[in-house]
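Note: the block below is query.csv and it holds CSV, C-alpha atoms and all ligand atoms.
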```csv
chain,number,residue,atom,x,y,z
A,14,MET,CA,0.0,0.0,0.0
A,15,LYS,CA,1.2,3.5,-0.8
A,16,THR,CA,0.0,6.7,0.9
A,17,TYR,CA,0.0,10.3,-0.2
A,18,ARG,CA,-1.1,13.5,1.7
A,19,ILE,CA,-2.9,16.6,0.4
A,20,LEU,CA,-2.5,19.6,2.6
A,21,GLY,CA,-5.9,21.4,2.3
A,22,LYS,CA,-6.8,24.8,3.8
A,23,ASN,CA,-9.6,23.1,5.8
A,24,GLY,CA,-7.6,20.0,6.8
A,25,ASP,CA,-5.4,17.3,5.3
A,26,SER,CA,-6.5,14.4,3.1
A,27,ILE,CA,-4.6,11.0,3.4
A,28,ILE,CA,-4.8,9.0,0.2
A,29,GLN,CA,-4.2,5.3,0.6
A,30,ILE,CA,-3.6,3.4,-2.7
A,31,GLY,CA,-3.8,-0.4,-2.8
A,32,ALA,CA,-5.4,-0.6,0.7
A,33,GLY,CA,-7.9,-3.4,1.2
A,34,PHE,CA,-11.5,-2.3,1.6
A,35,ASP,CA,-12.1,-5.0,4.2
A,36,ASN,CA,-9.4,-3.4,6.4
A,37,LEU,CA,-11.0,0.0,6.5
A,38,SER,CA,-9.1,1.5,9.5
A,39,GLY,CA,-9.7,5.2,9.2
A,40,PHE,CA,-13.4,5.0,10.0
A,41,PRO,CA,-13.8,6.7,13.4
A,42,GLY,CA,-15.4,4.7,16.2
A,43,GLY,CA,-17.7,6.3,18.8
A,44,THR,CA,-19.4,8.6,16.3
A,45,LYS,CA,-22.5,8.1,14.2
A,46,ASN,CA,-21.1,6.8,10.9
A,47,PHE,CA,-23.1,6.8,7.7
A,48,ILE,CA,-22.5,5.4,4.2
A,49,LEU,CA,-23.6,7.0,0.9
A,50,THR,CA,-23.5,4.8,-2.1
A,51,ASP,CA,-25.3,4.0,-5.3
A,52,HIS,CA,-27.6,1.1,-6.2
A,53,ASN,CA,-24.9,-0.7,-8.3
A,54,ILE,CA,-22.2,-0.6,-5.5
A,55,ASP,CA,-24.8,-1.5,-2.9
A,56,ARG,CA,-25.8,-4.6,-4.9
A,57,LEU,CA,-22.2,-5.6,-5.6
A,58,TYR,CA,-20.4,-4.8,-2.4
A,59,GLY,CA,-23.1,-3.9,0.2
A,60,ARG,CA,-22.6,-7.1,2.2
A,61,ARG,CA,-18.9,-6.0,2.8
A,62,PHE,CA,-19.8,-2.6,4.1
A,63,PRO,CA,-18.7,-1.9,7.7
A,64,GLN,CA,-21.4,-1.6,10.4
A,65,VAL,CA,-22.9,1.9,10.3
A,66,ALA,CA,-25.9,3.8,11.7
A,67,GLY,CA,-27.4,4.0,8.2
A,68,VAL,CA,-26.7,3.4,4.5
A,69,ILE,CA,-28.1,5.9,2.1
A,70,THR,CA,-28.4,4.7,-1.5
A,71,ILE,CA,-28.8,6.9,-4.5
A,72,GLY,CA,-29.5,6.1,-8.2
A,73,THR,CA,-26.9,6.1,-11.0
A,74,GLY,CA,-26.0,8.4,-13.9
A,75,GLU,CA,-25.3,12.1,-14.3
A,76,ALA,CA,-29.0,12.8,-14.0
A,77,VAL,CA,-29.0,12.0,-10.2
A,78,LYS,CA,-26.2,14.6,-9.6
A,79,THR,CA,-28.7,17.3,-8.5
A,80,LEU,CA,-29.7,19.4,-5.6
A,81,GLU,CA,-32.8,17.2,-5.3
A,82,THR,CA,-30.7,14.2,-4.6
A,83,VAL,CA,-28.8,16.2,-2.0
A,84,ARG,CA,-32.1,17.3,-0.4
A,85,GLY,CA,-33.0,13.6,-0.1
A,86,ILE,CA,-29.7,12.9,1.6
A,87,TYR,CA,-30.2,15.8,4.1
A,88,GLU,CA,-33.7,14.4,4.9
A,89,LYS,CA,-32.3,10.9,5.5
A,90,LEU,CA,-29.5,12.2,7.7
A,91,ILE,CA,-32.1,14.2,9.7
A,92,ALA,CA,-34.3,11.1,10.0
A,93,LEU,CA,-31.3,9.1,11.1
A,94,GLU,CA,-30.5,11.8,13.7
A,95,ALA,CA,-27.1,12.6,12.3
A,96,ASP,CA,-25.6,15.4,14.4
A,97,ARG,CA,-22.4,17.5,14.1
A,98,SER,CA,-20.3,14.5,15.1
A,99,ALA,CA,-21.6,12.4,12.2
A,100,PHE,CA,-19.1,11.0,9.7
A,101,LEU,CA,-20.1,10.2,6.1
A,102,LEU,CA,-18.3,7.7,4.0
A,103,GLY,CA,-19.0,7.9,0.2
A,104,ILE,CA,-18.4,4.5,-1.6
A,105,GLY,CA,-18.8,4.6,-5.3
A,106,GLY,CA,-17.7,6.3,-8.6
A,107,GLY,CA,-17.2,10.0,-9.2
A,108,ILE,CA,-20.9,10.8,-8.9
A,109,VAL,CA,-21.1,9.3,-5.4
A,110,CYS,CA,-17.8,11.0,-4.4
A,111,ASP,CA,-19.0,14.4,-5.7
A,112,ILE,CA,-22.4,14.2,-4.0
A,113,ALA,CA,-21.0,12.8,-0.7
A,114,GLY,CA,-18.4,15.6,-0.5
A,115,PHE,CA,-21.0,18.2,-1.2
A,116,ALA,CA,-23.6,16.8,1.2
A,117,ALA,CA,-21.0,16.4,3.9
A,118,ALA,CA,-19.6,19.9,3.3
A,119,THR,CA,-23.0,21.6,3.7
A,120,TYR,CA,-25.0,19.4,6.1
A,121,LEU,CA,-24.9,21.3,9.5
A,122,ARG,CA,-22.3,23.5,7.9
A,123,GLY,CA,-20.0,20.6,7.5
A,124,ILE,CA,-19.6,17.1,8.9
A,125,ARG,CA,-16.6,14.8,8.6
A,126,PHE,CA,-16.3,12.6,5.5
A,127,ALA,CA,-14.1,10.3,3.6
A,128,LEU,CA,-14.3,8.5,0.2
A,129,VAL,CA,-13.8,5.0,-1.1
A,130,PRO,CA,-13.7,5.5,-4.9
A,131,THR,CA,-14.7,2.4,-6.9
A,132,THR,CA,-14.1,3.5,-10.5
A,133,LEU,CA,-10.7,4.1,-12.0
A,134,LEU,CA,-11.7,7.7,-12.8
A,135,ALA,CA,-12.7,8.3,-9.2
A,136,GLN,CA,-9.5,6.7,-7.8
A,137,ILE,CA,-7.2,9.0,-9.9
A,138,ASP,CA,-9.4,12.1,-10.3
A,139,ALA,CA,-12.8,12.6,-8.8
A,140,ALA,CA,-12.0,11.5,-5.2
A,141,ILE,CA,-8.7,13.5,-5.2
A,142,GLY,CA,-8.4,17.2,-4.6
A,143,GLY,CA,-11.5,18.2,-2.6
A,144,LYS,CA,-13.7,19.5,-5.4
A,145,ASN,CA,-17.3,18.5,-5.0
A,146,GLY,CA,-20.7,19.5,-6.3
A,147,VAL,CA,-23.8,18.9,-8.4
A,148,ASN,CA,-25.2,19.9,-11.7
A,149,PHE,CA,-27.7,22.7,-11.9
A,150,HIS,CA,-30.1,23.8,-14.7
A,151,GLY,CA,-28.2,21.7,-17.2
A,152,PHE,CA,-24.8,23.1,-16.2
A,153,LYS,CA,-22.2,20.6,-15.0
A,154,ASN,CA,-20.8,21.0,-11.5
A,155,MET,CA,-22.4,24.4,-11.2
A,156,VAL,CA,-22.9,24.3,-7.4
A,157,GLY,CA,-20.3,23.0,-5.1
A,158,THR,CA,-17.5,23.5,-2.6
A,159,PHE,CA,-13.9,22.8,-2.0
A,160,ARG,CA,-13.5,20.4,1.0
A,161,GLN,CA,-10.9,17.7,1.5
A,162,PRO,CA,-12.0,14.2,2.5
A,163,GLU,CA,-10.2,13.1,5.7
A,164,PHE,CA,-9.0,10.0,3.8
A,165,VAL,CA,-9.4,8.3,0.4
A,166,LEU,CA,-9.1,4.5,0.3
A,167,SER,CA,-8.4,3.2,-3.2
A,168,ASP,CA,-8.8,-0.6,-3.4
A,169,ILE,CA,-7.7,-1.6,-6.9
A,170,ALA,CA,-9.8,-4.8,-6.5
A,171,PHE,CA,-13.0,-2.8,-7.1
A,172,LEU,CA,-11.9,-2.3,-10.7
A,173,LYS,CA,-12.5,-6.0,-11.5
A,174,THR,CA,-16.3,-5.5,-11.7
A,175,LEU,CA,-16.1,-2.2,-13.6
A,176,PRO,CA,-17.5,-2.4,-17.2
A,177,GLY,CA,-14.7,-2.2,-19.8
A,178,ARG,CA,-15.9,1.1,-21.2
A,179,GLU,CA,-15.6,2.7,-17.7
A,180,VAL,CA,-12.1,1.3,-17.4
A,181,ARG,CA,-11.0,2.8,-20.7
A,182,SER,CA,-12.6,6.2,-19.6
A,183,GLY,CA,-10.3,6.1,-16.5
A,184,LEU,CA,-7.3,5.1,-18.7
A,185,ALA,CA,-7.9,8.3,-20.8
A,186,GLU,CA,-7.7,10.4,-17.7
A,187,MET,CA,-4.6,8.4,-16.6
A,188,VAL,CA,-2.9,9.2,-20.0
A,189,LYS,CA,-3.8,12.9,-19.4
A,190,HIS,CA,-2.1,12.9,-16.0
A,191,ALA,CA,1.0,11.4,-17.6
A,192,VAL,CA,1.0,13.8,-20.5
A,193,ILE,CA,0.7,16.9,-18.5
A,194,ALA,CA,3.3,16.2,-15.8
A,195,ASP,CA,5.0,12.8,-15.8
A,196,PRO,CA,7.0,11.7,-18.8
A,197,ALA,CA,8.3,8.6,-16.9
A,198,MET,CA,4.7,7.5,-16.2
A,199,PHE,CA,3.9,8.0,-19.9
A,200,SER,CA,6.8,5.7,-20.9
A,201,PHE,CA,5.7,3.2,-18.3
A,202,LEU,CA,2.2,3.2,-19.9
A,203,GLU,CA,3.7,2.8,-23.4
A,204,LYS,CA,5.5,-0.4,-22.1
A,205,ASN,CA,2.7,-1.7,-20.0
A,206,TRP,CA,-0.5,-0.8,-21.9
A,207,ARG,CA,-1.6,-4.5,-22.2
A,208,ALA,CA,-1.2,-5.1,-18.5
A,209,ALA,CA,-3.1,-1.8,-17.8
A,210,LEU,CA,-6.0,-2.9,-20.0
A,211,ALA,CA,-6.0,-6.3,-18.3
A,212,LEU,CA,-6.1,-4.5,-14.9
A,213,ASP,CA,-2.9,-6.3,-13.7
A,214,PRO,CA,-3.0,-5.4,-10.0
A,215,GLU,CA,0.7,-4.5,-9.6
A,216,VAL,CA,0.8,-2.4,-12.8
A,217,MET,CA,-2.5,-0.7,-11.8
A,218,GLU,CA,-1.4,0.1,-8.3
A,219,LYS,CA,1.7,1.8,-9.6
A,220,LEU,CA,-0.3,3.7,-12.3
A,221,VAL,CA,-3.0,4.8,-9.9
A,222,HIS,CA,-0.4,5.9,-7.4
A,223,ASP,CA,1.5,7.9,-10.1
A,224,ALA,CA,-1.7,9.5,-11.4
A,225,VAL,CA,-2.7,10.4,-7.9
A,226,VAL,CA,0.7,12.1,-7.3
A,227,VAL,CA,0.2,14.2,-10.4
A,228,LYS,CA,-3.2,15.4,-9.4
A,229,ALA,CA,-2.3,15.8,-5.7
A,230,ASP,CA,0.9,17.8,-6.5
A,231,VAL,CA,-1.2,20.2,-8.6
A,232,VAL,CA,-3.8,20.5,-5.9
A,233,ASN,CA,-1.2,21.1,-3.2
A,234,LEU,CA,0.1,24.0,-5.3
A,235,ASP,CA,-3.4,25.4,-6.2
A,236,GLU,CA,-6.3,24.0,-4.1
A,237,THR,CA,-8.9,26.3,-5.4
A,238,GLU,CA,-8.1,26.3,-9.1
A,239,THR,CA,-6.7,29.8,-9.7
A,240,GLY,CA,-3.6,28.8,-11.8
A,241,GLU,CA,-1.6,25.5,-11.7
A,242,ARG,CA,-4.8,23.4,-11.3
A,243,ARG,CA,-6.0,24.6,-14.7
A,244,LYS,CA,-3.6,22.3,-16.5
A,245,LEU,CA,-5.7,19.4,-15.3
A,246,ASN,CA,-8.2,20.6,-18.0
A,247,PHE,CA,-5.9,19.4,-20.7
A,248,GLY,CA,-8.1,17.8,-23.4
A,249,HIS,CA,-11.2,18.9,-21.6
A,250,THR,CA,-12.0,22.2,-23.4
A,251,LEU,CA,-12.7,20.4,-26.8
A,252,GLY,CA,-13.5,17.2,-24.9
A,253,HIS,CA,-16.6,18.7,-23.3
A,254,ALA,CA,-17.7,20.1,-26.7
A,255,VAL,CA,-17.3,16.6,-28.2
A,256,GLU,CA,-19.2,15.0,-25.3
A,257,LYS,CA,-22.0,17.5,-25.7
A,258,THR,CA,-22.3,17.3,-29.5
A,259,THR,CA,-21.8,13.5,-30.0
A,260,GLY,CA,-22.8,12.0,-26.7
A,261,VAL,CA,-19.7,9.8,-26.4
A,262,PRO,CA,-18.7,9.0,-22.8
A,263,HIS,CA,-16.6,11.5,-21.0
A,264,GLY,CA,-13.3,9.5,-21.1
A,265,GLU,CA,-13.6,8.9,-24.9
A,266,ALA,CA,-14.4,12.6,-25.4
A,267,VAL,CA,-11.3,13.5,-23.4
A,268,SER,CA,-9.2,11.2,-25.6
A,269,ILE,CA,-10.4,13.1,-28.7
A,270,GLY,CA,-9.9,16.4,-26.9
A,271,MET,CA,-6.3,15.5,-26.0
A,272,ILE,CA,-5.5,14.7,-29.6
A,273,ALA,CA,-7.1,18.0,-30.7
A,274,ALA,CA,-5.1,20.0,-28.1
A,275,SER,CA,-1.9,18.1,-29.0
A,276,ARG,CA,-2.5,18.7,-32.7
A,277,LEU,CA,-3.2,22.4,-32.0
A,278,SER,CA,0.1,22.5,-30.0
A,279,VAL,CA,1.9,21.1,-33.1
A,280,GLY,CA,0.1,23.5,-35.4
A,281,LEU,CA,1.2,26.5,-33.2
A,282,GLY,CA,4.8,25.2,-33.3
A,283,LEU,CA,4.9,24.4,-29.6
A,284,LEU,CA,5.0,20.6,-29.6
A,285,PRO,CA,7.3,18.3,-31.6
A,286,PRO,CA,5.2,16.2,-34.0
A,287,ALA,CA,6.9,13.0,-32.6
A,288,ASP,CA,5.3,13.7,-29.2
A,289,LEU,CA,1.9,13.9,-30.8
A,290,GLU,CA,2.5,10.6,-32.6
A,291,ARG,CA,3.4,8.9,-29.2
A,292,ILE,CA,0.2,10.3,-27.5
A,293,GLU,CA,-1.9,9.1,-30.4
A,294,ALA,CA,-0.3,5.7,-30.6
A,295,LEU,CA,-0.8,5.1,-26.8
A,296,LEU,CA,-4.5,6.2,-26.9
A,297,ILE,CA,-5.1,3.9,-29.9
A,298,LYS,CA,-3.5,0.9,-28.0
A,299,LEU,CA,-5.7,1.7,-25.0
A,300,GLU,CA,-8.7,1.3,-27.4
A,301,LEU,CA,-9.6,5.0,-27.1
A,302,PRO,CA,-10.9,7.1,-30.0
A,303,VAL,CA,-8.6,9.8,-31.5
A,304,ARG,CA,-10.6,11.2,-34.5
A,305,LEU,CA,-12.2,14.6,-34.3
A,306,PRO,CA,-15.9,14.5,-35.3
A,307,SER,CA,-16.4,15.5,-38.9
A,308,ASN,CA,-18.8,18.3,-38.1
A,309,LEU,CA,-16.3,20.8,-36.8
A,310,GLU,CA,-18.7,23.7,-37.1
A,311,LYS,CA,-21.1,22.2,-34.6
A,312,LEU,CA,-18.2,21.4,-32.3
A,313,LEU,CA,-16.9,24.9,-32.4
A,314,GLN,CA,-20.4,26.3,-31.7
A,315,ALA,CA,-20.5,24.1,-28.5
A,316,LEU,CA,-17.1,25.3,-27.7
A,317,LYS,CA,-18.1,28.9,-27.9
A,318,LYS,CA,-20.6,28.2,-25.2
A,319,ASP,CA,-17.9,26.7,-23.0
A,320,LYS,CA,-17.5,28.5,-19.6
A,321,LYS,CA,-13.8,28.9,-20.2
A,322,ARG,CA,-14.5,31.2,-23.1
A,323,GLU,CA,-13.5,34.8,-22.4
A,324,GLY,CA,-14.7,37.2,-25.1
A,325,GLU,CA,-13.5,35.9,-28.5
A,326,MET,CA,-10.6,34.0,-26.8
A,327,ILE,CA,-10.6,30.5,-25.5
A,328,ARG,CA,-8.1,29.5,-22.8
A,329,PHE,CA,-6.4,26.3,-23.9
A,330,VAL,CA,-4.1,24.0,-22.1
A,331,LEU,CA,-1.4,23.1,-24.7
A,332,LEU,CA,1.8,21.1,-24.7
A,333,LYS,CA,5.4,22.0,-25.1
A,334,ARG,CA,6.4,18.3,-24.8
A,335,ILE,CA,5.1,15.2,-23.0
A,336,GLY,CA,5.2,16.3,-19.4
A,337,GLU,CA,5.1,20.1,-19.9
A,338,THR,CA,2.0,22.2,-20.5
A,339,VAL,CA,1.5,25.9,-21.4
A,340,ILE,CA,-1.7,27.8,-21.2
A,341,GLU,CA,-2.6,30.1,-24.1
A,342,GLU,CA,-5.5,32.3,-25.0
A,343,ILE,CA,-6.5,31.3,-28.6
A,344,PRO,CA,-8.8,33.4,-30.7
A,345,ILE,CA,-11.7,31.2,-31.7
A,346,GLU,CA,-11.3,31.9,-35.4
A,347,LYS,CA,-7.6,30.9,-35.3
A,348,LEU,CA,-8.7,27.7,-33.5
A,349,GLN,CA,-10.9,26.6,-36.4
A,350,SER,CA,-8.4,27.4,-39.1
A,351,THR,CA,-5.5,25.8,-37.2
A,352,ILE,CA,-7.5,22.6,-36.6
A,353,GLU,CA,-8.7,22.5,-40.2
A,354,GLY,CA,-5.2,23.1,-41.5
A,355,LEU,CA,-3.6,20.3,-39.5
A,356,PRO,CA,-2.3,17.3,-41.4
A,357,PRO,CA,-4.6,14.2,-41.0
A,358,SER,CA,-4.1,12.0,-38.0
A,359,ARG,CA,-2.4,8.6,-38.1
A,360,GLU,CA,-5.8,7.1,-37.4
A,361,SER,CA,-7.5,8.8,-40.4
A,362,LEU,CA,-4.5,7.9,-42.7
A,363,LYS,CA,-4.9,4.3,-41.5
A,364,ASN,CA,-8.6,4.3,-42.2
A,365,ARG,CA,-8.0,5.8,-45.7
A,366,ALA,CA,-5.5,3.1,-46.5
A,367,GLU,CA,-7.8,0.4,-45.2
A,368,SER,CA,-10.7,1.7,-47.4
A,369,ARG,CA,-8.5,1.6,-50.5
A,370,THR,CA,-7.6,-2.1,-50.0
B,1,LIG,N1,-14.6,16.4,-8.3
B,1,LIG,C1,-13.7,16.2,-9.2
B,1,LIG,O1,-12.6,16.7,-9.1
B,1,LIG,C2,-14.1,15.3,-10.4
B,1,LIG,C3,-13.1,15.0,-11.3
B,1,LIG,C4,-13.5,14.2,-12.4
B,1,LIG,C5,-14.8,13.8,-12.5
B,1,LIG,N2,-15.7,14.1,-11.6
B,1,LIG,C6,-17.1,13.7,-11.7
B,1,LIG,O2,-17.1,12.3,-11.7
B,1,LIG,C7,-18.3,11.8,-12.3
B,1,LIG,C8,-18.0,10.6,-13.2
B,1,LIG,O3,-17.5,9.6,-12.3
B,1,LIG,P1,-17.4,8.1,-12.8
B,1,LIG,O4,-16.8,8.0,-14.2
B,1,LIG,O5,-16.7,7.4,-11.7
B,1,LIG,O6,-18.9,7.7,-13.0
B,1,LIG,P2,-20.0,7.1,-12.1
B,1,LIG,O7,-19.9,7.5,-10.7
B,1,LIG,O8,-21.3,7.4,-12.8
B,1,LIG,O9,-19.7,5.5,-12.2
B,1,LIG,C9,-19.9,4.9,-13.4
B,1,LIG,C10,-20.8,3.6,-13.3
B,1,LIG,O10,-20.0,2.6,-12.8
B,1,LIG,C11,-20.7,2.0,-11.7
B,1,LIG,N3,-19.7,1.5,-10.8
B,1,LIG,C12,-18.9,2.2,-10.0
B,1,LIG,N4,-17.9,1.4,-9.4
B,1,LIG,C13,-18.1,0.2,-9.9
B,1,LIG,C14,-17.5,-1.0,-9.7
B,1,LIG,N5,-16.4,-1.2,-8.9
B,1,LIG,N6,-18.0,-2.1,-10.3
B,1,LIG,C15,-19.1,-2.0,-11.2
B,1,LIG,N7,-19.7,-0.9,-11.4
B,1,LIG,C16,-19.2,0.2,-10.8
B,1,LIG,C17,-21.6,3.1,-11.1
B,1,LIG,O11,-22.7,2.6,-10.4
B,1,LIG,C18,-22.0,3.8,-12.4
B,1,LIG,O12,-23.1,3.2,-12.9
B,1,LIG,C19,-18.8,13.0,-13.2
B,1,LIG,O13,-20.0,13.5,-12.6
B,1,LIG,C20,-17.7,14.0,-13.1
B,1,LIG,O14,-18.2,15.4,-13.1
B,1,LIG,C21,-15.4,14.9,-10.5
```
structure tokens encoding of this file:
Amino acid sequence: MKTYRILGKNGDSIIQIGAGFDNLSGFPGGTKNFILTDHNIDRLYGRRFPQVAGVITIGTGEAVKTLETVRGIYEKLIALEADRSAFLLGIGGGIVCDIAGFAAATYLRGIRFALVPTTLLAQIDAAIGGKNGVNFHGFKNMVGTFRQPEFVLSDIAFLKTLPGREVRSGLAEMVKHAVIADPAMFSFLEKNWRAALALDPEVMEKLVHDAVVVKADVVNLDETETGERRKLNFGHTLGHAVEKTTGVPHGEAVSIGMIAASRLSVGLGLLPPADLERIEALLIKLELPVRLPSNLEKLLQALKKDKKREGEMIRFVLLKRIGETVIEEIPIEKLQSTIEGLPPSRESLKNRAESRT
């Protein structure tokens, strides 16, 4: 087991990677403990939950990430007589983690809480860093707080029951962590992609640890996202637009967004083309999509609505090389012409060659 510490303004967060769920030791005794989880996790793992005063179960999917769901949690906590000494443990994917953090940060102006992330994405991203919240009026993560969980227990064994598409979504975020800050982790992924796809426990424990270190280091420098933390948005500006316009799952959209941002970096003379080739090759090996949707106009319209847009400029996280980012304001018009003017990707060249044979 490896541990890592985030030093938050409102308290520290101890992250335990490779710890066994059955040896949950950080759960405080003598207080009223509660669990928040979703129906899937309750069905799969409920019988292994520790004894608590109450288990609150929510539904699944982005549609449950609302203030209505949080209201239901407050009502259950009140009915269960949760007072200021209560401790809430969120067990589940990023949605449970985001809701558990928000409910705990706001119920009685804040009760103690911790997270047991059960998806790869939650283990390397959603549970790390203290950002929580819910969607509001169709806007993602519009309402929320910054509050560090007391501990995060990441048991790699949970990943065994995770659907393949969810695993690949997490792997896309893992590639992002390596690309923005850790060239050695990127090389390790290049060598061990098969083991990663097969969820080899040793390889995954190392990768989850390295990805957590990337995110936690960034959070330690910039807990409330005023500067350094922005680089975590690499691949997400165009990725969100892809997600909105095509409906592909988040991780797959981020994969496409990373390729677009890397190609843009090459087009602007920042990134050596060989680095773009390596990123694209790794994403393809991890069975992630890399082709931009053909309807670029629609994509750019969605992008214009992106909250990161400031005037006619869009703030983009770009690459100087694998492991080093640079943030640039790009005029939206230049964005379109640069992307359109870029040479075709390996993937599209491959597809063209295949269609000729
Ligand atoms: N707070 C942050 O910093 C942050 C960062 C990234 C993402 N997020 C949020 O995370 C959410 C996405 O999280 P996610 O991808 O984990 O999705 P999710 O929470 O919806 O989980 C995906 C699905 O997998 C199921 N599942 C979870 N663990 C499982 C397991 N071990 N075995 C079988 N099934 C399992 C869930 O029930 C769900 O149906 C989004 O709402 C996003 O905004 C937050």
Using all atoms listed in the file: which of A:Tyr17, A:Phe152, A:Tyr87, A:Phe47 has the shortest distance to ligand LIG 1 (chain B): A:Phe152
Within-6 Å residues of ligand LIG 1 (chain B), basis all atoms listed in the file, as a list of chain:residue names: A:Asp51, A:Asn53, A:Ile54, A:Thr73, A:Gly74, A:Glu75, A:Gly105, A:Gly106, A:Gly107, A:Ile108, A:Val109, A:Asp111, A:Thr131, A:Thr132, A:Leu134, A:Ala135, A:Asp138, A:Ala139, A:Lys144, A:Asn145, A:Phe171, A:Leu172, A:Thr174, A:Leu175
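Across the structure, atom CA of A:Ala191 and atom CA of A:Thr338 are spaced 11.2 Å apart.
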Distance in Å - atom CA of A:Phe149 versus atom CA of A:Thr50: 20.8 Å
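Using all atoms listed in the file for every distance, the candidate list A:Gly85, A:Gly264, A:Pro130, A:Pro196 yields A:Gly264 as the residue closest to A:Leu184.
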Å distance separating atom CA of A:Lys45 from atom CA of A:Thr158, one decimal place: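 It comes out at 23.3 Å.
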Residue with smallest distance to A:Glu236 - pool A:Phe159, A:Tyr58, A:Phe199, A:Phe164, counting all atoms listed in the file: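 Nearest candidate to A:Glu236 out of A:Phe159, A:Tyr58, A:Phe199, A:Phe164: A:Phe159.
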